[in-house]
Structure formats: structure tokens, C-alpha cells
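Shown next: start_32.cif, containing mmCIF, C-alpha atoms.
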```
data_my_file
#
loop_
_atom_site.group_PDB
_atom_site.id
_atom_site.type_symbol
_atom_site.label_atom_id
_atom_site.label_comp_id
_atom_site.auth_asym_id
_atom_site.auth_seq_id
_atom_site.Cartn_x
_atom_site.Cartn_y
_atom_site.Cartn_z
ATOM 1 C CA MET A 209 -52.362 -6.114 8.911
ATOM 2 C CA ILE A 210 -53.976 -4.852 12.096
ATOM 3 C CA LEU A 211 -57.477 -3.453 12.004
ATOM 4 C CA GLY A 212 -57.568 -0.308 14.079
ATOM 5 C CA PRO A 213 -60.591 1.072 15.869
ATOM 6 C CA SER A 214 -63.021 3.072 13.794
ATOM 7 C CA ALA A 215 -62.988 5.901 16.345
ATOM 8 C CA GLY A 216 -59.963 8.115 16.787
ATOM 9 C CA PRO A 217 -57.205 9.099 14.416
ATOM 10 C CA HIS A 218 -54.852 6.668 12.714
ATOM 11 C CA PRO A 219 -51.666 6.464 14.836
ATOM 12 C CA ALA A 220 -49.528 7.502 11.829
ATOM 13 C CA THR A 221 -51.361 10.857 11.834
ATOM 14 C CA LEU A 222 -50.614 11.683 15.479
ATOM 15 C CA PRO A 223 -48.171 14.474 16.326
ATOM 16 C CA PRO A 224 -44.759 13.155 17.450
ATOM 17 C CA ASP A 225 -45.243 13.966 21.149
ATOM 18 C CA ARG A 226 -48.622 12.215 21.264
ATOM 19 C CA LEU A 227 -47.319 9.172 19.411
ATOM 20 C CA LEU A 228 -44.299 8.975 21.730
ATOM 21 C CA ALA A 229 -46.707 8.947 24.702
ATOM 22 C CA ASP A 230 -48.119 5.675 23.283
ATOM 23 C CA CYS A 231 -44.654 4.151 22.873
ATOM 24 C CA ASP A 232 -42.103 2.388 25.023
ATOM 25 C CA VAL A 233 -38.689 3.909 24.301
ATOM 26 C CA ARG A 234 -35.544 1.887 24.932
ATOM 27 C CA PHE A 235 -31.946 2.761 24.261
ATOM 28 C CA SER A 236 -29.270 0.216 23.550
ATOM 29 C CA ARG A 237 -25.671 -0.136 22.450
ATOM 30 C CA ARG A 238 -24.819 -1.267 18.952
ATOM 31 C CA SER A 239 -21.453 -1.932 17.375
ATOM 32 C CA GLY A 240 -20.272 -0.630 14.047
ATOM 33 C CA PRO A 241 -18.852 2.563 12.589
ATOM 34 C CA GLY A 242 -18.928 5.541 14.908
ATOM 35 C CA GLY A 243 -16.044 4.724 17.156
ATOM 36 C CA GLN A 244 -15.839 4.443 20.888
ATOM 37 C CA ASN A 245 -18.900 6.634 21.539
ATOM 38 C CA ARG A 246 -21.179 4.306 19.602
ATOM 39 C CA ASN A 247 -19.728 1.170 21.188
ATOM 40 C CA LYS A 248 -19.874 2.433 24.782
ATOM 41 C CA VAL A 249 -22.913 4.715 24.885
ATOM 42 C CA GLU A 250 -26.526 3.614 24.455
ATOM 43 C CA THR A 251 -27.276 5.606 21.302
ATOM 44 C CA ALA A 252 -29.529 3.089 19.494
ATOM 45 C CA ALA A 253 -33.225 3.943 19.898
ATOM 46 C CA ILE A 254 -35.961 1.293 19.864
ATOM 47 C CA LEU A 255 -39.584 2.458 19.901
ATOM 48 C CA THR A 256 -42.485 0.056 20.482
ATOM 49 C CA HIS A 257 -46.049 1.237 19.911
ATOM 50 C CA ARG A 258 -47.900 -0.247 22.915
ATOM 51 C CA PRO A 259 -51.414 -0.484 21.388
ATOM 52 C CA SER A 260 -50.222 -2.411 18.306
ATOM 53 C CA GLY A 261 -46.947 -3.992 19.416
ATOM 54 C CA LEU A 262 -45.200 -2.674 16.282
ATOM 55 C CA SER A 263 -41.671 -1.361 16.699
ATOM 56 C CA ALA A 264 -38.923 0.489 14.857
ATOM 57 C CA GLU A 265 -35.242 0.986 15.540
ATOM 58 C CA ALA A 266 -32.501 3.389 14.509
ATOM 59 C CA ASN A 267 -28.832 3.093 15.383
ATOM 60 C CA GLU A 268 -26.928 4.631 12.490
ATOM 61 C CA ARG A 269 -26.339 8.017 14.132
ATOM 62 C CA ARG A 270 -24.011 8.776 17.038
ATOM 63 C CA SER A 271 -26.645 10.821 18.853
ATOM 64 C CA GLN A 272 -29.411 9.280 20.949
ATOM 65 C CA GLY A 273 -31.802 12.122 20.075
ATOM 66 C CA GLN A 274 -31.204 11.822 16.333
ATOM 67 C CA ASN A 275 -31.705 8.054 16.471
ATOM 68 C CA ARG A 276 -34.966 8.513 18.394
ATOM 69 C CA ALA A 277 -36.242 10.934 15.718
ATOM 70 C CA VAL A 278 -35.292 8.517 12.913
ATOM 71 C CA ALA A 279 -36.901 5.584 14.763
ATOM 72 C CA LEU A 280 -40.081 7.630 15.252
ATOM 73 C CA ALA A 281 -40.246 8.449 11.524
ATOM 74 C CA ARG A 282 -39.757 4.753 10.696
ATOM 75 C CA LEU A 283 -42.426 3.752 13.221
ATOM 76 C CA ARG A 284 -44.937 6.153 11.651
ATOM 77 C CA VAL A 285 -44.402 4.520 8.232
ATOM 78 C CA ILE A 286 -44.704 1.026 9.749
ATOM 79 C CA LEU A 287 -47.957 2.055 11.464
ATOM 80 C CA ALA A 288 -49.242 3.447 8.150
ATOM 81 C CA LEU A 289 -48.425 0.144 6.446
ATOM 82 C CA GLU A 290 -49.720 -2.229 9.102
ATOM 83 C CA ILE A 291 -52.786 -0.607 10.691
ATOM 84 C CA ARG A 292 -55.996 -0.243 8.710
ATOM 85 C CA HIS A 293 -58.787 2.065 9.819
ATOM 86 C CA PRO A 294 -62.147 1.720 8.079
ATOM 87 C CA ALA A 295 -62.457 4.603 5.623
ATOM 88 C CA ASP A 296 -65.618 6.131 4.193
ATOM 89 C CA PRO A 297 -64.689 6.732 0.535
ATOM 90 C CA GLY A 298 -67.806 8.897 0.109
ATOM 91 C CA ALA A 299 -66.530 11.349 2.725
ATOM 92 C CA GLY A 300 -63.810 12.604 0.384
ATOM 93 C CA PRO A 301 -60.138 13.146 1.131
ATOM 94 C CA SER A 302 -58.883 14.598 4.412
ATOM 95 C CA PRO A 303 -57.876 18.268 4.654
ATOM 96 C CA LEU A 304 -54.227 17.136 4.770
ATOM 97 C CA TRP A 305 -54.631 15.135 1.538
ATOM 98 C CA THR A 306 -56.439 18.051 -0.132
ATOM 99 C CA SER A 307 -53.705 20.485 0.961
ATOM 100 C CA ARG A 308 -51.121 18.277 -0.775
ATOM 101 C CA LEU A 309 -52.992 18.098 -4.110
ATOM 102 C CA ARG A 310 -51.759 20.470 -6.811
ATOM 103 C CA GLY A 311 -53.749 20.172 -10.035
ATOM 104 C CA GLY A 312 -54.618 16.531 -9.396
ATOM 105 C CA ARG A 313 -51.015 15.672 -8.458
ATOM 106 C CA LEU A 314 -50.066 14.597 -4.946
ATOM 107 C CA VAL A 315 -46.974 16.540 -3.918
ATOM 108 C CA VAL A 316 -45.056 15.119 -0.938
ATOM 109 C CA SER A 317 -41.603 13.699 -0.335
ATOM 110 C CA PRO A 318 -41.225 10.334 1.446
ATOM 111 C CA GLU A 319 -39.006 12.128 3.975
ATOM 112 C CA HIS A 320 -41.687 14.703 4.871
ATOM 113 C CA ASP A 321 -43.589 14.429 8.171
ATOM 114 C CA ASP A 322 -46.909 14.305 6.269
ATOM 115 C CA PHE A 323 -45.937 11.226 4.243
ATOM 116 C CA PRO A 324 -46.958 8.506 6.775
ATOM 117 C CA ALA A 325 -50.377 10.105 7.371
ATOM 118 C CA LEU A 326 -51.016 10.367 3.623
ATOM 119 C CA LEU A 327 -49.838 6.790 3.100
ATOM 120 C CA ALA A 328 -52.193 5.544 5.832
ATOM 121 C CA GLU A 329 -55.100 7.420 4.242
ATOM 122 C CA ALA A 330 -54.349 6.028 0.774
ATOM 123 C CA LEU A 331 -54.065 2.458 2.065
ATOM 124 C CA ASP A 332 -57.225 2.796 4.189
ATOM 125 C CA VAL A 333 -59.241 4.013 1.190
ATOM 126 C CA LEU A 334 -57.761 1.307 -1.061
ATOM 127 C CA SER A 335 -58.577 -1.342 1.535
ATOM 128 C CA SER A 336 -62.145 -0.052 1.913
ATOM 129 C CA LEU A 337 -62.635 -0.259 -1.866
ATOM 130 C CA ASP A 338 -61.132 -3.758 -2.260
ATOM 131 C CA PHE A 339 -57.938 -2.312 -3.763
ATOM 132 C CA ASP A 340 -59.732 -0.838 -6.783
ATOM 133 C CA VAL A 341 -57.206 1.873 -7.699
ATOM 134 C CA LYS A 342 -59.562 3.750 -10.023
ATOM 135 C CA ALA A 343 -62.311 4.010 -7.378
ATOM 136 C CA ALA A 344 -59.777 4.901 -4.659
ATOM 137 C CA SER A 345 -58.167 7.616 -6.775
ATOM 138 C CA GLU A 346 -61.595 9.129 -7.497
ATOM 139 C CA ALA A 347 -62.404 9.082 -3.765
ATOM 140 C CA LEU A 348 -59.067 10.788 -3.043
ATOM 141 C CA GLY A 349 -59.358 13.379 -5.817
ATOM 142 C CA CYS A 350 -56.315 12.358 -7.845
ATOM 143 C CA SER A 351 -55.648 10.228 -10.907
ATOM 144 C CA ALA A 352 -55.018 6.491 -10.687
ATOM 145 C CA SER A 353 -51.491 6.997 -12.025
ATOM 146 C CA GLN A 354 -50.794 9.588 -9.311
ATOM 147 C CA LEU A 355 -51.991 7.168 -6.636
ATOM 148 C CA VAL A 356 -49.767 4.388 -8.007
ATOM 149 C CA LYS A 357 -46.781 6.789 -8.192
ATOM 150 C CA PHE A 358 -47.436 7.738 -4.574
ATOM 151 C CA LEU A 359 -47.484 4.067 -3.503
ATOM 152 C CA LYS A 360 -44.204 3.481 -5.369
ATOM 153 C CA ARG A 361 -42.514 6.010 -3.070
ATOM 154 C CA GLU A 362 -42.806 3.380 -0.322
ATOM 155 C CA PRO A 363 -41.998 0.029 -1.977
ATOM 156 C CA ARG A 364 -43.522 -1.937 0.924
ATOM 157 C CA ALA A 365 -46.862 -0.169 0.308
ATOM 158 C CA LEU A 366 -46.838 -1.115 -3.373
ATOM 159 C CA LYS A 367 -45.924 -4.720 -2.533
ATOM 160 C CA GLN A 368 -48.653 -4.902 0.108
ATOM 161 C CA THR A 369 -51.202 -3.470 -2.339
ATOM 162 C CA ASN A 370 -50.147 -5.916 -5.062
ATOM 163 C CA ASP A 371 -50.329 -8.843 -2.624
ATOM 164 C CA ARG A 372 -53.888 -7.881 -1.635
ATOM 165 C CA ARG A 373 -54.854 -7.353 -5.295
ATOM 166 C CA SER A 374 -53.435 -10.790 -6.141
ATOM 167 C CA ASP A 375 -55.502 -12.351 -3.329
ATOM 168 C CA LEU A 376 -58.582 -10.733 -4.901
ATOM 169 C CA GLY A 377 -57.721 -11.962 -8.405
ATOM 170 C CA LEU A 378 -56.723 -8.497 -9.688
ATOM 171 C CA ARG A 379 -53.649 -7.772 -11.776
ATOM 172 C CA PRO A 380 -50.639 -6.204 -10.035
ATOM 173 C CA LEU A 381 -49.875 -2.510 -10.319
ATOM 174 C CA ARG A 382 -46.713 -1.481 -12.134
#
```

Please lay out the structure from this file as C-alpha cells.
Amino acid sequence: MILGPSAGPHPATLPPDRLLADCDVRFSRRSGPGGQNRNKVETAAILTHRPSGLSAEANERRSQGQNRAVALARLRVILALEIRHPADPGAGPSPLWTSRLRGGRLVVSPEHDDFPALLAEALDVLSSLDFDVKAASEALGCSASQLVKFLKREPRALKQTNDRRSDLGLRPLR
């Protein structure tokens, strides 16, 4: 876990063009299905976030542009998982979080562009409240079960939360 600066937005919330400006982009060749194009052309995309050193890769598509977009989406989730920004639970949820609440339920698909930003916010609030799910859910304006369901959409987030809770002597979430 990397502690980010308290000033400035979480990198997972940045628009794609701004995040790409903070990244080194490399292209490489990978073998596998996809035929001669994939074996001879540098279609694999590797993005490294310079400020944190975190990176993501995509090579399953035959197009360099598609692989770069997939790698960027993966990098945003990795940034959400690994970088913690201090959160003020008393400040309430962000406008993005509030816009995704429908009757106390958080509505977002893991494939949606908003997912990494929401995941970063949830993990930042949980971290600020020593992984107390009830207090974090109240600060975010949703139920504890909704927050746990949201974390389950990214298994690494649930595992990370359970590991931190275990370190603090709390029972794991199911």
C-alpha cells in the first residue's frame, strides 16, 4: 500500500488523458493466439505510472490501441487498490459516489469507467476508519451490506480489506 499525498485527486479518479500523461507507455511483442500479426507486431501495451511505479499490461487483443485501453483500465484498478489518500469521513461521499447511489444501493459495473474511482474512495474511507465497515458505510451513505457487495466486485479489494481487518483483530467480511 502506497500512501498518496493529501493534496490532489487520487490517480484512479483522473481522466484517461491526464493519467496517461503520468505514465510511461511501452509496446512489446507477445506470443500466443492471434496469428502472425500478434507474433510480429508490437501489440502488447505496458503502462507504468511514474509517480507510484505501479504498472499494468494487456496483450490479449490484436490491436495496440485496444490493448492500451485495457491496460489503462487495469492500471486504474491497481492504483485504486494500492494507493491510499487520507479521507475525511465527516466530509461525506464525493459527488461521483452520490450520483451512483440509488435508494441506498451503489449501482456500478466493475467494467464501468467510474468503478476504479469509486473503489479508491471506498478503500480510502475504510482505511481512514480502521476498516470499520459500519462506520465507513455511514460515511458513504450506503448500507454495510452494500459496501461489502461493492468490495466483492473486485476480489483483490475484499482480500485486502480482510487482510487489514485481520491485522487489526477484526473478523473477516463474507

Handout entry: Straight-line distance linking atom CA of Ser345 of chain A with atom CA of Ile291 of chain A, stated in Å to one decimal
Key =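 Atom-to-atom, atom CA of Ser345 of chain A to atom CA of Ile291 of chain A, that is 20.0 Å.
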
Handout entry: Distance criterion (only C-alpha atoms): nearest to Phe235 of chain A out of A:Ala253, A:Leu283, A:Leu222, A:Ala347
Key = A:Ala253

Exercise for the section: Fewer than 3 positions away in the same chain doesn't count, so skip those; otherwise give me all residues within 8 Å of Arg364 of chain A, counting all atoms listed in the file, as a ChimeraX atom specification. Expected result: /A:289,367-368

Practice task
Select, from A:Ala328, A:Val341, A:Val285, A:Ile254, the residue with the minimum atom-to-atom distance to Gln272 of chain A, counting all atoms listed in the file.
Solution key: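 When distances to Gln272 of chain A are compared using all atoms listed in the file, the smallest one comes from A:Ile254.
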
Mind checking which residues fall within 12 Å of Gly311 of chain A, counting only C-alpha atoms, ignoring those fewer than 6 positions away in the same chain, and posting them as a PDB file with C-alpha atoms, keeping the file's coordinate frame?
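Final file, selection_2.pdb:
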```pdb
ATOM      1  CA  GLY A 349     -59.358  13.379  -5.817  1.00  0.00           C
ATOM      2  CA  CYS A 350     -56.315  12.358  -7.845  1.00  0.00           C
ATOM      3  CA  SER A 351     -55.648  10.228 -10.907  1.00  0.00           C
ATOM      4  CA  GLN A 354     -50.794   9.588  -9.311  1.00  0.00           C
TER       5      GLN A 354
END
```

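Reported to one decimal place, the separation of atom CA of Gly261 of chain A from atom CA of Arg292 of chain A is 14.5 Å.
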